Every structure is written in structure tokens, then in C-alpha cells.
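Take a look at the structure below.
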Amino acid sequence: MEASLFVVGLGNIGSQLVPLLASVASIRRVGLVDFDTYTPANVASQRITSRDAGRAKAHVQARALRAARPDLEVTPHVRRFEQLPLGLLRSSVIFSCVDSRAARQQINRAAVALGIAWIDAGIARAGSVRARAYIPAHACLECAWGPRDYELLEASAPCGHAPATSSTAAPVELGAIAAGLQLMLYRRLITDADAHAALADRQWLLDLPSGRALTATYSPNPGCRHAHVQWEIRNLPVGSAAMSLREALALANPSSGEATLAAPGMAFVRRLRCPKCPNTRRVHGVLSGRLAPRACETCGIPMHATALDTDYELGAVNATTAVLRAPLSGRGFVAGDIVSVHSNAGTNFYQLA
């Protein structure tokens, strides 16, 4: 069976994982996701050369993987995970090689909604390596979270351990071990029909300084803050990103009352503000993940939207006539995006083709 997968994060672990994927004959499509570029400091801890410094991580790794496996369909995505059209992830397995709780939460929620597996790995500078496969209908990442984990969501945590604002600076061999564990779990998932039950709700930990190998078992949490709901997604026809917001709202049953449209994981920005001076700029409801950076004309620093400047849903109540008539592409939607249309009759999910 041909397999499709995504690698999210191309740092210490991700750069070690990508070349390993070339050995899996069943893989046919690979998406590589990272918004960042390599720096000279990355050469010591990531699988790159000095010539790669200054280049987009996704492009560097895509070039290397194509060279190793010319038959692979490799697509680099130089963007953050939350900016990725979720429809691209359907029927895929996600390898998580990210460095923050917030990034893991986004991957977890997307995987639960799409009903797909994801495999996470992390390393600590002191020498521990962990890996875990998250299987649909089993415990999710947030099932084990407490209040403190949510408080630390905005802190960059090196591979899931203590909060920090910089990279782990862990040696390259730890990233290689973590990547190897991820690939081992993936091979079991795709080759052993009984492996799902054995892998679900279990984490593997190697503590190299002490020479110990441990496993931890998790259980689904009835009080989990994330509802374990898989979306039932309907495919819209080719060119649907060109439909107007009014036409998209009409996908709801006309008798179900006023409808609203949302983009799971993103908000609609109405206004940008300068954090330093009173300058503002109207945006007219563009998706937060697709909004191009804009600098204040006075201060020259990036402008941002506050909670007061965003809407999570658009409808006749909060959208102007011009916005209702404009195509969804004018709001930042692209092919592969999944939209939800909510009315009194419920919420339906659609993928833009």
C-alpha cells in the first residue's frame, strides 16, 4: 500500500528523520513543513552542511530526499503547521519533530479531527530521548495535560521538556536516536495489523546517562479539554475556493437559520495594531495564518491583531456586503483548506478542492 506522510519540524530530529524515510519502500508522498531557515549554528547539531545556512529548511531537506529517492513525490512547505491546508493531511501519518507545547497541540487537534495517526519524538539536553505514537480513538496528547501544561502553551519547550526560549542545543546523535525511534514505530504501524493496540497509549523513553529504557502507559481522559471528535468532511468541486462567502454560507440548510463560516485553527483578522503607537490598519476578515506581515508606517515594526480585532466565524451579522460577495480566496483560503459551516442544524465540514 502506498503511504503518504508529513514531517513537521526540520531541526535536530527532523533533519535526521528525512534521510531515513528513503529506506521505506512503501512511502510515495512526503510533505516537509518548516517555516524557518538554517543558520551556521545549526551545522553542529543538525544533518546539514555549511552550504545550507541561510536556506529554507524545507527546501534543503526536500532536495536531499529527492536525491536519495528520485521516485518520491516530495513537497516542501515553508510555513507554520497552522498555515497548512488541513485537507492535505488526510490519509497521511504525521511525524512531529517540533519544539513547543503549542505546536504539538495544533498537530494533536488536527490529527484527532482528521482521524489520522501522528508520531511524536523529543530530546533533552541531559541525554533522554522519547517517542510515542498517537492512534485515533485512543488517548490524545491533551489527555495527560493538567493546568500547568496549558499555562506553558506559549513557552517554547525544547522537544516537550522544561520551558525555554531557545533550542535544546542537544548533540546530533540524540536527534538521530529520536528519529530512529519514530521510524521504528512507523514501520510497526504499517506492517503489523496488531501493532495499533500494542503501540497505543504507550511512550518509550531512553535515558542514556543512566542506561535505562522505560515505557509509560496512558489512558483516555474523560475530562480531557479537547473533544475527541473526528470530522465528517465533504469534498467540494474543483474551483470551490473561488465561491463567495455568501455561496459558502448557503451550503447550510436554508431552514436552519443564520449560518456562519469558520476555518478550524485560524481566525479572521479585521484590524492590525502597532504595539508601540496608536496606528491601526483595517484588513476586512483575512485568515490569520495567511495574512502577509505588515509594518507600521510610523514605527516600522510589525503590526499585530489583538483578540478584539479578530472573529472566529464570519456570517451576515459581522461581514460587510463586499466581503459576502467576494470569493473565499479573498479571505486567504486556498485549495485543500477545510471550512466549517455552522447553523442551528449543526456543523458541517467541507474541503475546498
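Residue names in the C-alpha cells use chain letters A, B, ... in the order shown, residue numbers from 1 in each chain, and ligand numbers from 1 in the order shown.
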
Next item on the list: Extract, using only C-alpha atoms, all DNA, RNA and protein residues at most 7 Å from A:Arg79, discarding same-chain residues fewer than 2 positions from it, and format them as a list in words.
Entry: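 With the cut-off at 7 Å, the set is Val33, Asp34, Phe35, His77, Phe81 and Gln83 of chain A.
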
Per residue of stretch 180-295 of chain A within 8 Å of stretch 310-320 of chain A, which atom pair is closest and at what distance in Å (one decimal), using only C-alpha atoms, listed by chain and increasing number, as JSON lines?
```
{"residue": "A:Leu249", "atom": "CA", "partner": "A:Gly315", "partner_atom": "CA", "distance": 7.4}
{"residue": "A:Glu258", "atom": "CA", "partner": "A:Ala316", "partner_atom": "CA", "distance": 7.7}
{"residue": "A:Ala259", "atom": "CA", "partner": "A:Gly315", "partner_atom": "CA", "distance": 6.3}
{"residue": "A:Thr260", "atom": "CA", "partner": "A:Gly315", "partner_atom": "CA", "distance": 4.5}
{"residue": "A:Leu261", "atom": "CA", "partner": "A:Leu314", "partner_atom": "CA", "distance": 5.2}
{"residue": "A:Ala262", "atom": "CA", "partner": "A:Glu313", "partner_atom": "CA", "distance": 4.7}
{"residue": "A:Ala263", "atom": "CA", "partner": "A:Tyr312", "partner_atom": "CA", "distance": 7.6}
{"residue": "A:Met266", "atom": "CA", "partner": "A:Tyr312", "partner_atom": "CA", "distance": 7.3}
{"residue": "A:Ala267", "atom": "CA", "partner": "A:Tyr312", "partner_atom": "CA", "distance": 4.7}
{"residue": "A:Phe268", "atom": "CA", "partner": "A:Asp311", "partner_atom": "CA", "distance": 5.1}
{"residue": "A:Val269", "atom": "CA", "partner": "A:Thr310", "partner_atom": "CA", "distance": 4.5}
{"residue": "A:Arg270", "atom": "CA", "partner": "A:Thr310", "partner_atom": "CA", "distance": 5.7}
{"residue": "A:Arg271", "atom": "CA", "partner": "A:Thr310", "partner_atom": "CA", "distance": 7.4}
{"residue": "A:Gly285", "atom": "CA", "partner": "A:Thr310", "partner_atom": "CA", "distance": 7.8}
```

Only N, CA and C atoms, please: the residues just picked out, written as a PDB file, in the first residue's frame.
```pdb
ATOM      1  N   LEU A 249     -21.919  30.057   2.743  1.00  0.00           N
ATOM      2  CA  LEU A 249     -22.902  30.034   3.830  1.00  0.00           C
ATOM      3  C   LEU A 249     -24.174  29.318   3.396  1.00  0.00           C
ATOM      4  N   GLU A 258     -29.616  31.490  10.468  1.00  0.00           N
ATOM      5  CA  GLU A 258     -28.415  32.186  10.017  1.00  0.00           C
ATOM      6  C   GLU A 258     -27.185  31.304  10.170  1.00  0.00           C
ATOM      7  N   ALA A 259     -26.362  31.234   9.118  1.00  0.00           N
ATOM      8  CA  ALA A 259     -25.178  30.387   9.137  1.00  0.00           C
ATOM      9  C   ALA A 259     -23.918  31.231   9.288  1.00  0.00           C
ATOM     10  N   THR A 260     -22.875  30.603   9.804  1.00  0.00           N
ATOM     11  CA  THR A 260     -21.558  31.230   9.906  1.00  0.00           C
ATOM     12  C   THR A 260     -20.511  30.270   9.377  1.00  0.00           C
ATOM     13  N   LEU A 261     -19.394  30.829   8.919  1.00  0.00           N
ATOM     14  CA  LEU A 261     -18.308  30.016   8.365  1.00  0.00           C
ATOM     15  C   LEU A 261     -17.054  30.214   9.205  1.00  0.00           C
ATOM     16  N   ALA A 262     -16.312  29.135   9.418  1.00  0.00           N
ATOM     17  CA  ALA A 262     -15.076  29.197  10.204  1.00  0.00           C
ATOM     18  C   ALA A 262     -13.987  28.402   9.512  1.00  0.00           C
ATOM     19  N   ALA A 263     -12.753  28.709   9.876  1.00  0.00           N
ATOM     20  CA  ALA A 263     -11.583  27.968   9.400  1.00  0.00           C
ATOM     21  C   ALA A 263     -10.919  27.368  10.628  1.00  0.00           C
ATOM     22  N   MET A 266      -7.754  28.735  12.715  1.00  0.00           N
ATOM     23  CA  MET A 266      -7.402  30.098  12.333  1.00  0.00           C
ATOM     24  C   MET A 266      -8.557  31.036  12.650  1.00  0.00           C
ATOM     25  N   ALA A 267      -8.254  32.319  12.713  1.00  0.00           N
ATOM     26  CA  ALA A 267      -9.262  33.351  12.967  1.00  0.00           C
ATOM     27  C   ALA A 267      -9.249  34.333  11.802  1.00  0.00           C
ATOM     28  N   PHE A 268     -10.305  35.133  11.723  1.00  0.00           N
ATOM     29  CA  PHE A 268     -10.396  36.166  10.697  1.00  0.00           C
ATOM     30  C   PHE A 268      -9.980  37.503  11.314  1.00  0.00           C
ATOM     31  N   VAL A 269      -8.978  38.135  10.722  1.00  0.00           N
ATOM     32  CA  VAL A 269      -8.449  39.388  11.252  1.00  0.00           C
ATOM     33  C   VAL A 269      -9.181  40.560  10.598  1.00  0.00           C
ATOM     34  N   ARG A 270      -9.683  41.466  11.435  1.00  0.00           N
ATOM     35  CA  ARG A 270     -10.370  42.670  10.949  1.00  0.00           C
ATOM     36  C   ARG A 270      -9.481  43.903  11.014  1.00  0.00           C
ATOM     37  N   ARG A 271      -8.533  43.900  11.928  1.00  0.00           N
ATOM     38  CA  ARG A 271      -7.717  45.097  12.129  1.00  0.00           C
ATOM     39  C   ARG A 271      -6.353  44.715  12.693  1.00  0.00           C
ATOM     40  N   GLY A 285     -11.234  40.924   7.401  1.00  0.00           N
ATOM     41  CA  GLY A 285     -11.512  39.499   7.570  1.00  0.00           C
ATOM     42  C   GLY A 285     -10.645  38.552   6.783  1.00  0.00           C
TER      43      GLY A 285
END
```

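Take the candidates A:Asn348, A:Ser340, A:Ser100, A:Ser329 and check each one against A:Leu152 using only C-alpha atoms; the shortest distance goes to A:Ser100.
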
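Interatomic distance, atom CA of A:Arg331 to atom CA of A:Gly289: 10.6 Å.
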
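Proximity ranking of A:Gly330, A:Lys276, A:Arg294, A:Val172 relative to A:Ala242 places A:Gly330 first, based on only C-alpha atoms.
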
Note to self: What does the structure give for the distance between atom CA of A:Phe333 and atom CA of A:Pro85, in Å to one decimal?
What the structure shows: 8.6 Å
